[in-house]
$ cat start-v2.cif   # mmCIF, C-alpha atoms
data_protein
loop_
_atom_site.group_PDB
_atom_site.id
_atom_site.type_symbol
_atom_site.label_atom_id
_atom_site.label_comp_id
_atom_site.auth_asym_id
_atom_site.auth_seq_id
_atom_site.Cartn_x
_atom_site.Cartn_y
_atom_site.Cartn_z
ATOM 1 C CA GLN P 55 4.489 -135.123 -150.098
ATOM 2 C CA GLN P 56 2.745 -132.455 -148.110
ATOM 3 C CA THR P 57 -0.359 -133.209 -146.090
ATOM 4 C CA THR P 58 -2.918 -130.446 -145.790
ATOM 5 C CA ASN P 59 -6.041 -130.153 -143.687
ATOM 6 C CA THR P 60 -8.268 -128.982 -146.518
ATOM 7 C CA VAL P 61 -10.027 -131.134 -149.053
ATOM 8 C CA GLU P 62 -8.563 -130.248 -152.425
ATOM 9 C CA GLU P 63 -8.957 -133.335 -154.563
ATOM 10 C CA PRO P 64 -11.047 -136.511 -154.500
ATOM 11 C CA LEU P 65 -8.297 -138.518 -152.798
ATOM 12 C CA ASP P 66 -8.494 -136.133 -149.878
ATOM 13 C CA LEU P 67 -12.010 -137.398 -149.207
ATOM 14 C CA ILE P 68 -10.541 -140.836 -148.627
ATOM 15 C CA ARG P 69 -8.035 -139.312 -146.230
ATOM 16 C CA LEU P 70 -10.981 -138.190 -144.107
ATOM 17 C CA SER P 71 -11.937 -141.863 -143.693
ATOM 18 C CA LEU P 72 -8.588 -143.025 -142.321
ATOM 19 C CA ASP P 73 -9.067 -145.252 -139.270
ATOM 20 C CA GLU P 74 -12.783 -145.340 -139.950
ATOM 21 C CA ARG P 75 -14.784 -148.258 -141.202
ATOM 22 C CA ILE P 76 -15.478 -147.952 -144.925
ATOM 23 C CA TYR P 77 -17.288 -149.716 -147.717
ATOM 24 C CA VAL P 78 -15.319 -150.591 -150.844
ATOM 25 C CA LYS P 79 -16.995 -151.768 -154.032
ATOM 26 C CA MET P 80 -14.633 -153.834 -156.149
ATOM 27 C CA ARG P 81 -14.670 -155.338 -159.596
ATOM 28 C CA ASN P 82 -16.126 -158.799 -160.138
ATOM 29 C CA ASP P 83 -19.100 -158.260 -157.831
ATOM 30 C CA ARG P 84 -17.072 -158.019 -154.666
ATOM 31 C CA GLU P 85 -17.528 -155.710 -151.718
ATOM 32 C CA LEU P 86 -15.337 -155.110 -148.738
ATOM 33 C CA ARG P 87 -16.191 -153.628 -145.373
ATOM 34 C CA GLY P 88 -13.314 -152.876 -143.073
ATOM 35 C CA ARG P 89 -11.256 -150.304 -141.209
ATOM 36 C CA LEU P 90 -9.062 -148.206 -143.479
ATOM 37 C CA HIS P 91 -5.502 -148.174 -142.164
ATOM 38 C CA ALA P 92 -3.676 -146.842 -145.218
ATOM 39 C CA TYR P 93 -4.134 -145.982 -148.869
ATOM 40 C CA ASP P 94 -2.067 -144.565 -151.710
ATOM 41 C CA GLN P 95 -2.624 -142.747 -155.012
ATOM 42 C CA HIS P 96 -3.356 -146.024 -156.816
ATOM 43 C CA LEU P 97 -6.029 -146.810 -154.217
ATOM 44 C CA ASN P 98 -3.959 -149.705 -152.943
ATOM 45 C CA MET P 99 -5.356 -150.011 -149.426
ATOM 46 C CA ILE P 100 -4.710 -151.736 -146.164
ATOM 47 C CA LEU P 101 -7.940 -152.747 -144.490
ATOM 48 C CA GLY P 102 -8.323 -154.269 -141.035
ATOM 49 C CA ASP P 103 -11.138 -156.538 -139.778
ATOM 50 C CA VAL P 104 -12.406 -157.004 -143.303
ATOM 51 C CA GLU P 105 -15.564 -158.712 -144.405
ATOM 52 C CA GLU P 106 -15.552 -159.615 -148.103
ATOM 53 C CA THR P 107 -18.861 -160.267 -149.838
ATOM 54 C CA VAL P 108 -18.875 -162.011 -153.209
ATOM 55 C CA THR P 109 -22.213 -161.929 -155.016
ATOM 56 C CA THR P 110 -23.156 -164.426 -157.698
ATOM 57 C CA VAL P 111 -26.239 -164.774 -159.857
ATOM 58 C CA GLU P 112 -27.653 -168.131 -160.774
ATOM 59 C CA ILE P 113 -30.391 -168.569 -163.337
ATOM 60 C CA ASP P 114 -32.972 -171.210 -162.469
ATOM 61 C CA GLU P 115 -33.187 -173.492 -165.484
ATOM 62 C CA GLU P 116 -36.933 -173.951 -165.301
ATOM 63 C CA THR P 117 -38.261 -170.630 -164.111
ATOM 64 C CA TYR P 118 -35.421 -168.505 -165.503
ATOM 65 C CA GLU P 119 -35.526 -166.385 -162.403
ATOM 66 C CA GLU P 120 -32.330 -164.814 -161.137
ATOM 67 C CA ILE P 121 -31.150 -166.133 -157.779
ATOM 68 C CA TYR P 122 -28.672 -163.873 -156.059
ATOM 69 C CA LYS P 123 -26.305 -165.556 -153.652
ATOM 70 C CA SER P 124 -23.594 -163.940 -151.608
ATOM 71 C CA THR P 125 -20.638 -165.514 -149.868
ATOM 72 C CA LYS P 126 -18.913 -163.740 -147.021
ATOM 73 C CA ARG P 127 -15.609 -164.252 -145.307
ATOM 74 C CA ASN P 128 -13.535 -162.415 -142.759
ATOM 75 C CA ILE P 129 -9.851 -161.536 -142.960
ATOM 76 C CA PRO P 130 -7.990 -159.784 -140.112
ATOM 77 C CA MET P 131 -5.645 -157.628 -142.227
ATOM 78 C CA LEU P 132 -5.703 -157.296 -145.979
ATOM 79 C CA PHE P 133 -3.677 -155.446 -148.607
ATOM 80 C CA VAL P 134 -5.930 -154.615 -151.557
ATOM 81 C CA ARG P 135 -4.474 -153.805 -154.959
ATOM 82 C CA GLY P 136 -5.923 -150.538 -156.185
ATOM 83 C CA ASP P 137 -6.800 -151.524 -159.736
ATOM 84 C CA GLY P 138 -9.618 -153.697 -158.404
ATOM 85 C CA VAL P 139 -11.268 -150.850 -156.522
ATOM 86 C CA VAL P 140 -14.374 -149.258 -158.033
ATOM 87 C CA LEU P 141 -15.559 -146.980 -155.243
ATOM 88 C CA VAL P 142 -14.896 -146.083 -151.618
ATOM 89 C CA ALA P 143 -17.624 -144.829 -149.297
ATOM 90 C CA PRO P 144 -18.648 -144.658 -145.648
ATOM 91 C CA PRO P 145 -20.385 -147.890 -144.588
ATOM 92 C CA LEU P 146 -23.872 -148.166 -146.075
ATOM 93 C CA ARG P 147 -26.577 -147.684 -143.524
ATOM 94 C CA VAL P 148 -29.606 -149.964 -143.717
ATOM 95 C CA GLY P 149 -32.997 -148.260 -143.717
ATOM 96 C CA MET G 204 17.318 -155.358 -145.713
ATOM 97 C CA GLU G 205 17.396 -155.522 -149.464
ATOM 98 C CA VAL G 206 16.517 -152.551 -151.571
ATOM 99 C CA SER G 207 16.125 -152.446 -155.319
ATOM 100 C CA HIS G 208 19.183 -151.488 -157.359
ATOM 101 C CA SER G 209 17.084 -149.257 -159.563
ATOM 102 C CA VAL G 210 16.489 -145.598 -158.741
ATOM 103 C CA LYS G 211 13.186 -145.733 -160.545
ATOM 104 C CA GLU G 212 11.990 -148.677 -158.487
ATOM 105 C CA ARG G 213 13.146 -147.141 -155.231
ATOM 106 C CA THR G 214 11.208 -143.974 -156.026
ATOM 107 C CA ILE G 215 8.069 -145.851 -156.977
ATOM 108 C CA SER G 216 8.257 -147.955 -153.804
ATOM 109 C CA GLU G 217 8.869 -144.970 -151.616
ATOM 110 C CA ASN G 218 5.743 -143.252 -152.885
ATOM 111 C CA SER G 219 3.243 -146.089 -152.698
ATOM 112 C CA LEU G 220 1.958 -148.819 -150.412
ATOM 113 C CA VAL G 221 3.922 -151.480 -152.253
ATOM 114 C CA ILE G 222 6.669 -150.648 -149.795
ATOM 115 C CA LEU G 223 4.737 -152.488 -147.128
ATOM 116 C CA LEU G 224 4.649 -155.610 -149.284
ATOM 117 C CA GLN G 225 8.387 -155.319 -149.771
ATOM 118 C CA GLY G 226 8.747 -155.392 -146.019
ATOM 119 C CA LEU G 227 7.014 -158.786 -145.929
ATOM 120 C CA ARG G 228 10.137 -160.483 -147.301
ATOM 121 C CA GLY G 229 10.687 -163.750 -145.459
ATOM 122 C CA ARG G 230 7.145 -163.937 -144.122
ATOM 123 C CA VAL G 231 4.577 -166.562 -144.973
ATOM 124 C CA THR G 232 1.493 -165.009 -146.533
ATOM 125 C CA THR G 233 -1.331 -165.771 -148.894
ATOM 126 C CA VAL G 234 -1.563 -163.927 -152.189
ATOM 127 C CA GLU G 235 -4.962 -164.022 -153.854
ATOM 128 C CA LEU G 236 -4.941 -163.613 -157.596
ATOM 129 C CA ARG G 237 -7.361 -161.888 -159.943
ATOM 130 C CA ASP G 238 -8.433 -165.216 -161.371
ATOM 131 C CA GLU G 239 -9.634 -166.454 -157.967
ATOM 132 C CA SER G 240 -6.654 -168.731 -157.368
ATOM 133 C CA ALA G 241 -4.482 -168.307 -154.280
ATOM 134 C CA ALA G 242 -0.833 -168.896 -153.454
ATOM 135 C CA ALA G 243 0.336 -169.387 -149.880
ATOM 136 C CA GLY G 244 4.084 -169.299 -149.327
ATOM 137 C CA ARG G 245 7.138 -167.465 -148.102
ATOM 138 C CA VAL G 246 7.778 -164.103 -149.752
ATOM 139 C CA THR G 247 11.163 -164.075 -151.470
ATOM 140 C CA SER G 248 10.856 -160.653 -153.024
ATOM 141 C CA VAL G 249 8.436 -157.971 -154.126
ATOM 142 C CA ASP G 250 9.395 -155.322 -156.658
ATOM 143 C CA ALA G 251 8.007 -151.835 -157.189
ATOM 144 C CA PHE G 252 5.467 -153.157 -159.688
ATOM 145 C CA MET G 253 4.137 -155.597 -157.081
ATOM 146 C CA ASN G 254 5.577 -158.606 -158.935
ATOM 147 C CA VAL G 255 5.954 -161.212 -156.185
ATOM 148 C CA ARG G 256 8.234 -164.184 -155.842
ATOM 149 C CA LEU G 257 7.159 -166.851 -153.382
ATOM 150 C CA ALA G 258 8.877 -170.028 -152.161
ATOM 151 C CA GLU G 259 7.475 -173.289 -150.732
ATOM 152 C CA VAL G 260 4.096 -172.522 -152.199
ATOM 153 C CA THR G 261 0.752 -174.196 -151.700
ATOM 154 C CA PHE G 262 -1.170 -173.156 -154.775
ATOM 155 C CA THR G 263 -4.942 -173.504 -154.894
ATOM 156 C CA ASP G 264 -6.367 -172.967 -158.363
ATOM 157 C CA ARG G 265 -9.804 -171.620 -159.285
ATOM 158 C CA GLN G 266 -11.369 -175.054 -159.172
ATOM 159 C CA GLY G 267 -9.911 -175.736 -155.743
ATOM 160 C CA ALA G 268 -7.187 -178.171 -156.839
ATOM 161 C CA VAL G 269 -4.144 -177.902 -154.597
ATOM 162 C CA SER G 270 -0.566 -178.242 -155.776
ATOM 163 C CA HIS G 271 2.850 -177.605 -154.272
ATOM 164 C CA LEU G 272 5.497 -175.509 -155.942
ATOM 165 C CA ASP G 273 9.059 -174.769 -154.921
ATOM 166 C CA GLU G 274 8.898 -171.290 -156.388
ATOM 167 C CA LEU G 275 6.221 -169.104 -157.888
ATOM 168 C CA PHE G 276 6.355 -165.739 -159.652
ATOM 169 C CA VAL G 277 3.164 -163.697 -159.740
ATOM 170 C CA THR G 278 2.854 -160.629 -161.962
ATOM 171 C CA GLY G 279 1.765 -157.571 -160.005
ATOM 172 C CA ARG G 280 -1.230 -157.004 -162.278
ATOM 173 C CA ASN G 281 -2.617 -160.401 -161.357
ATOM 174 C CA ILE G 282 -2.786 -159.761 -157.657
ATOM 175 C CA ARG G 283 -6.086 -158.979 -156.005
ATOM 176 C CA TYR G 284 -5.237 -159.287 -152.285
ATOM 177 C CA VAL G 285 -2.257 -159.979 -150.068
ATOM 178 C CA HIS G 286 -3.009 -161.222 -146.583
ATOM 179 C CA ILE G 287 -0.932 -159.422 -143.970
ATOM 180 C CA PRO G 288 0.144 -161.765 -141.153
ATOM 181 C CA ASP G 289 -1.169 -160.846 -137.712
ATOM 182 C CA GLU G 290 2.285 -160.350 -136.211
ATOM 183 C CA VAL G 291 3.321 -157.705 -138.725
ATOM 184 C CA ASP G 292 3.569 -154.168 -137.367
ATOM 185 C CA ILE G 293 2.606 -152.209 -140.466
ATOM 186 C CA ARG G 294 3.919 -148.820 -139.436
ATOM 187 C CA ALA G 295 7.264 -150.218 -138.264
ATOM 188 C CA THR G 296 7.683 -152.298 -141.411
ATOM 189 C CA ILE G 297 7.088 -149.316 -143.674
ATOM 190 C CA GLU G 298 9.487 -147.156 -141.635
ATOM 191 C CA GLU G 299 12.221 -149.797 -141.804
ATOM 192 C CA GLN G 300 11.876 -150.026 -145.588
ATOM 193 C CA LEU G 301 11.990 -146.245 -145.958
ATOM 194 C CA GLN G 302 15.099 -146.097 -143.789
ATOM 195 C CA ALA G 303 16.769 -148.768 -145.896
ATOM 196 C CA ILE G 304 16.103 -146.701 -149.011
ATOM 197 C CA HIS G 305 17.404 -143.603 -147.273
ATOM 198 C CA ARG G 306 20.619 -145.397 -146.318
ATOM 199 C CA VAL G 307 21.189 -146.389 -149.935
ATOM 200 C CA ARG G 308 20.462 -142.894 -151.108
ATOM 201 C CA CYS G 309 22.955 -141.255 -148.744
ATOM 202 C CA PHE G 310 25.603 -143.939 -149.066
ATOM 203 C CA GLY G 311 29.060 -142.558 -148.432
ATOM 204 C CA GLY G 312 28.072 -139.756 -146.112
ATOM 205 C CA HIS G 313 26.550 -136.317 -146.513
ATOM 206 C CA ASP G 314 29.242 -134.992 -148.806
ATOM 207 C CA LYS G 315 29.982 -138.156 -150.756
ATOM 208 C CA GLY G 316 28.031 -140.564 -152.892
ATOM 209 C CA ARG G 317 25.288 -139.925 -155.360
ATOM 210 C CA ARG G 318 22.901 -138.149 -152.966
ATOM 211 C CA GLU G 319 19.952 -138.667 -155.208
ATOM 212 C CA PHE G 320 16.835 -136.577 -154.649
ATOM 213 C CA LEU G 321 17.618 -135.486 -151.148
ATOM 214 C CA HIS G 322 15.462 -132.387 -151.347
ATOM 215 C CA ALA G 323 12.107 -132.007 -153.028
ATOM 216 C CA LYS G 324 12.308 -129.502 -155.831
ATOM 217 C CA HIS G 325 8.928 -127.992 -155.085
#

$ encode --input "start-v2.cif" --output "structure tokens"
Amino acid sequence: QQTTNTVEEPLDLIRLSLDERIYVKMRNDRELRGRLHAYDQHLNMILGDVEETVTTVEIDEETYEEIYKSTKRNIPMLFVRGDGVVLVAPPLRVG
Amino acid sequence: MEVSHSVKERTISENSLVILLQGLRGRVTTVELRDESAAAGRVTSVDAFMNVRLAEVTFTDRQGAVSHLDELFVTGRNIRYVHIPDEVDIRATIEEQLQAIHRVRCFGGHDKGRREFLHAKH
């Protein structure tokens, strides 16, 4: 496999984020924030210093309002299987 | 260092990150499944399709019930995460696996053996 310096295909954009912190949206309402150490064509990734956020929605039985709850946890080094990945982006900035 | 006996599997491993998981053989890790259950145990083997065999497993199901299994096979498709132990040097592990594949490929010397796919065609 040759590595080039130019951006030729979408996967090359991920290459630009190597060793940077990234935001990964996953299936099943999960999000990851961590440092990208490695990735492959399937979007299998190795992320370091990861924070996983799982978001759930509960419906209040009386008021029927939607209550969004999120659970976070930290994992030092994680291998992520690519078929769960929805999108990869630089970390979202607040405000 | 054990390498798959299949050319197809060796090629798939060589060209994807699953090769790192194959280097975790013998290590104790936690595999988190798609269905929110988790299996913590010693990695016996990982194939090119990410199918994982674990031994001495503590299995926590979706509801949180814990059970102990001597052996567990997890289909690659059902894996969501694999925790990498802190002491693993990722780059070195991948290099060792690639070298093991290279040794198999060039078995018998430079003018002997099958010499599969030594040079890229393009």

$ interface_residues --input "start-v2.cif" --of "chain P" --to "chain G" --cutoff "8 Å" --atoms "all atoms listed in the file" --output "mmCIF file with C-alpha atoms, in the coordinates of the input"
data_model
loop_
_atom_site.group_PDB
_atom_site.id
_atom_site.type_symbol
_atom_site.label_atom_id
_atom_site.label_comp_id
_atom_site.auth_asym_id
_atom_site.auth_seq_id
_atom_site.Cartn_x
_atom_site.Cartn_y
_atom_site.Cartn_z
ATOM 1 C CA ALA P 92 -3.676 -146.842 -145.218
ATOM 2 C CA TYR P 93 -4.134 -145.982 -148.869
ATOM 3 C CA ASP P 94 -2.067 -144.565 -151.710
ATOM 4 C CA GLN P 95 -2.624 -142.747 -155.012
ATOM 5 C CA HIS P 96 -3.356 -146.024 -156.816
ATOM 6 C CA ASN P 98 -3.959 -149.705 -152.943
ATOM 7 C CA MET P 99 -5.356 -150.011 -149.426
ATOM 8 C CA ILE P 129 -9.851 -161.536 -142.960
ATOM 9 C CA PRO P 130 -7.990 -159.784 -140.112
ATOM 10 C CA MET P 131 -5.645 -157.628 -142.227
ATOM 11 C CA LEU P 132 -5.703 -157.296 -145.979
ATOM 12 C CA PHE P 133 -3.677 -155.446 -148.607
ATOM 13 C CA VAL P 134 -5.930 -154.615 -151.557
ATOM 14 C CA ARG P 135 -4.474 -153.805 -154.959
ATOM 15 C CA GLY P 138 -9.618 -153.697 -158.404
#

$ atom_distance --input "start-v2.cif" --atom1 "atom CA of Glu299 of chain G" --atom2 "atom CA of Leu67 of chain P"
28.2 Å

$ resolve_selection --input "start-v2.cif" --expression "the PyMOL selection byres ((chain G and resi 264) around 10)" --output "mmCIF file with C-alpha atoms, keeping the file's coordinate frame"
data_model
loop_
_atom_site.group_PDB
_atom_site.id
_atom_site.type_symbol
_atom_site.label_atom_id
_atom_site.label_comp_id
_atom_site.auth_asym_id
_atom_site.auth_seq_id
_atom_site.Cartn_x
_atom_site.Cartn_y
_atom_site.Cartn_z
ATOM 1 C CA LEU G 236 -4.941 -163.613 -157.596
ATOM 2 C CA ASP G 238 -8.433 -165.216 -161.371
ATOM 3 C CA GLU G 239 -9.634 -166.454 -157.967
ATOM 4 C CA SER G 240 -6.654 -168.731 -157.368
ATOM 5 C CA ALA G 241 -4.482 -168.307 -154.280
ATOM 6 C CA ALA G 242 -0.833 -168.896 -153.454
ATOM 7 C CA THR G 261 0.752 -174.196 -151.700
ATOM 8 C CA PHE G 262 -1.170 -173.156 -154.775
ATOM 9 C CA THR G 263 -4.942 -173.504 -154.894
ATOM 10 C CA ARG G 265 -9.804 -171.620 -159.285
ATOM 11 C CA GLN G 266 -11.369 -175.054 -159.172
ATOM 12 C CA GLY G 267 -9.911 -175.736 -155.743
ATOM 13 C CA ALA G 268 -7.187 -178.171 -156.839
ATOM 14 C CA VAL G 269 -4.144 -177.902 -154.597
ATOM 15 C CA SER G 270 -0.566 -178.242 -155.776
#

$ resolve_selection --input "start-v2.cif" --expression "the PyMOL selection byres ((chain G and resi 217) around 10)" --output "MDAnalysis selection string"
chainID G and resid 211:216 218:223 251 297 300:301 304:305

$ atom_distance --input "start-v2.cif" --atom1 "atom CA of Ser71 of chain P" --atom2 "atom CA of Thr109 of chain P"
25.2 Å

$ resolve_selection --input "start-v2.cif" --expression "the PyMOL selection byres ((chain P and resi 89) around 7)" --output "ChimeraX atom specification"
/P:73-76,88,90-91,101-103

$ atom_distance --input "start-v2.cif" --atom1 "atom CA of Glu205 of chain G" --atom2 "atom CA of Thr57 of chain P"
28.7 Å

$ closest_residue --input "start-v2.cif" --among "G:His208, G:Leu272, G:Glu290, G:Val307" --to "Thr232 of chain G" --atoms "all atoms listed in the file"
G:Glu290

$ closest_residue --input "start-v2.cif" --among "P:Leu146, P:Ile121, P:Val140, P:Ile68" --to "Asn82 of chain P" --atoms "all atoms listed in the file"
P:Val140

$ closest_residue --input "start-v2.cif" --among "G:His271, G:Phe310, G:Glu298, G:Thr278" --to "Asp250 of chain G" --atoms "all atoms listed in the file"
G:Thr278

$ closest_residue --input "start-v2.cif" --among "G:Ala243, G:Ala303, G:Ala295, G:Val206" --to "Glu274 of chain G" --atoms "all atoms listed in the file"
G:Ala243

$ residues_near_point --input "start-v2.cif" --point "(6.4, -169.5, -147.9)" --cutoff "8 Å" --atoms "all atoms listed in the file" --output "PyMOL selection string"
chain G and resi 229-232+243-246+257-260

$ decode --input "start-v2.cif" --residues "segment 87-112 of chain P" --atoms "N, CA and C atoms" --output "mmCIF file, in the first residue's frame"
data_model
loop_
_atom_site.group_PDB
_atom_site.id
_atom_site.type_symbol
_atom_site.label_atom_id
_atom_site.label_comp_id
_atom_site.auth_asym_id
_atom_site.auth_seq_id
_atom_site.Cartn_x
_atom_site.Cartn_y
_atom_site.Cartn_z
ATOM 1 N N ARG P 87 -14.912 9.761 22.109
ATOM 2 C CA ARG P 87 -13.942 10.846 21.918
ATOM 3 C C ARG P 87 -12.611 10.299 22.385
ATOM 4 N N GLY P 88 -11.629 10.326 21.487
ATOM 5 C CA GLY P 88 -10.337 9.779 21.885
ATOM 6 C C GLY P 88 -9.276 10.139 20.879
ATOM 7 N N ARG P 89 -8.048 9.669 21.153
ATOM 8 C CA ARG P 89 -6.929 9.964 20.250
ATOM 9 C C ARG P 89 -6.814 8.824 19.250
ATOM 10 N N LEU P 90 -6.806 9.153 17.976
ATOM 11 C CA LEU P 90 -6.756 8.146 16.928
ATOM 12 C C LEU P 90 -5.328 7.649 16.743
ATOM 13 N N HIS P 91 -5.093 6.384 17.065
ATOM 14 C CA HIS P 91 -3.758 5.819 16.885
ATOM 15 C C HIS P 91 -3.626 5.074 15.567
ATOM 16 N N ALA P 92 -4.701 4.420 15.130
ATOM 17 C CA ALA P 92 -4.639 3.654 13.890
ATOM 18 C C ALA P 92 -6.036 3.441 13.348
ATOM 19 N N TYR P 93 -6.121 3.223 12.029
ATOM 20 C CA TYR P 93 -7.404 2.892 11.428
ATOM 21 C C TYR P 93 -7.108 2.029 10.210
ATOM 22 N N ASP P 94 -8.151 1.386 9.677
ATOM 23 C CA ASP P 94 -7.961 0.655 8.422
ATOM 24 C C ASP P 94 -9.145 0.925 7.503
ATOM 25 N N GLN P 95 -9.188 0.230 6.365
ATOM 26 C CA GLN P 95 -10.200 0.521 5.342
ATOM 27 C C GLN P 95 -11.604 0.177 5.823
ATOM 28 N N HIS P 96 -11.714 -0.673 6.839
ATOM 29 C CA HIS P 96 -13.054 -1.009 7.352
ATOM 30 C C HIS P 96 -13.507 -0.005 8.398
ATOM 31 N N LEU P 97 -12.612 0.953 8.713
ATOM 32 C CA LEU P 97 -12.814 1.885 9.819
ATOM 33 C C LEU P 97 -12.720 1.192 11.164
ATOM 34 N N ASN P 98 -12.105 0.004 11.226
ATOM 35 C CA ASN P 98 -11.631 -0.490 12.512
ATOM 36 C C ASN P 98 -10.651 0.567 13.007
ATOM 37 N N MET P 99 -10.699 0.893 14.296
ATOM 38 C CA MET P 99 -9.823 1.951 14.789
ATOM 39 C C MET P 99 -9.242 1.573 16.133
ATOM 40 N N ILE P 100 -8.093 2.144 16.418
ATOM 41 C CA ILE P 100 -7.534 2.037 17.753
ATOM 42 C C ILE P 100 -7.533 3.438 18.333
ATOM 43 N N LEU P 101 -8.265 3.592 19.423
ATOM 44 C CA LEU P 101 -8.384 4.908 20.054
ATOM 45 C C LEU P 101 -7.785 4.855 21.447
ATOM 46 N N GLY P 102 -7.050 5.907 21.805
ATOM 47 C CA GLY P 102 -6.454 5.990 23.137
ATOM 48 C C GLY P 102 -7.177 7.037 23.969
ATOM 49 N N ASP P 103 -7.160 6.856 25.299
ATOM 50 C CA ASP P 103 -7.802 7.823 26.215
ATOM 51 C C ASP P 103 -9.224 8.116 25.786
ATOM 52 N N VAL P 104 -10.017 7.080 25.680
ATOM 53 C CA VAL P 104 -11.352 7.208 25.091
ATOM 54 C C VAL P 104 -12.398 7.520 26.142
ATOM 55 N N GLU P 105 -13.315 8.398 25.765
ATOM 56 C CA GLU P 105 -14.510 8.589 26.583
ATOM 57 C C GLU P 105 -15.703 8.145 25.740
ATOM 58 N N GLU P 106 -16.433 7.146 26.223
ATOM 59 C CA GLU P 106 -17.622 6.683 25.500
ATOM 60 C C GLU P 106 -18.854 7.286 26.142
ATOM 61 N N THR P 107 -19.742 7.820 25.308
ATOM 62 C CA THR P 107 -21.004 8.374 25.811
ATOM 63 C C THR P 107 -22.143 7.574 25.211
ATOM 64 N N VAL P 108 -22.973 6.993 26.070
ATOM 65 C CA VAL P 108 -24.155 6.269 25.608
ATOM 66 C C VAL P 108 -25.372 7.087 25.990
ATOM 67 N N THR P 109 -26.205 7.407 25.005
ATOM 68 C CA THR P 109 -27.368 8.262 25.268
ATOM 69 C C THR P 109 -28.641 7.440 25.206
ATOM 70 N N THR P 110 -29.467 7.577 26.222
ATOM 71 C CA THR P 110 -30.755 6.872 26.221
ATOM 72 C C THR P 110 -31.882 7.869 26.376
ATOM 73 N N VAL P 111 -33.043 7.483 25.882
ATOM 74 C CA VAL P 111 -34.235 8.334 26.021
ATOM 75 C C VAL P 111 -35.260 7.595 26.857
ATOM 76 N N GLU P 112 -35.717 8.266 27.895
ATOM 77 C CA GLU P 112 -36.817 7.685 28.670
ATOM 78 C C GLU P 112 -38.041 8.549 28.487
#
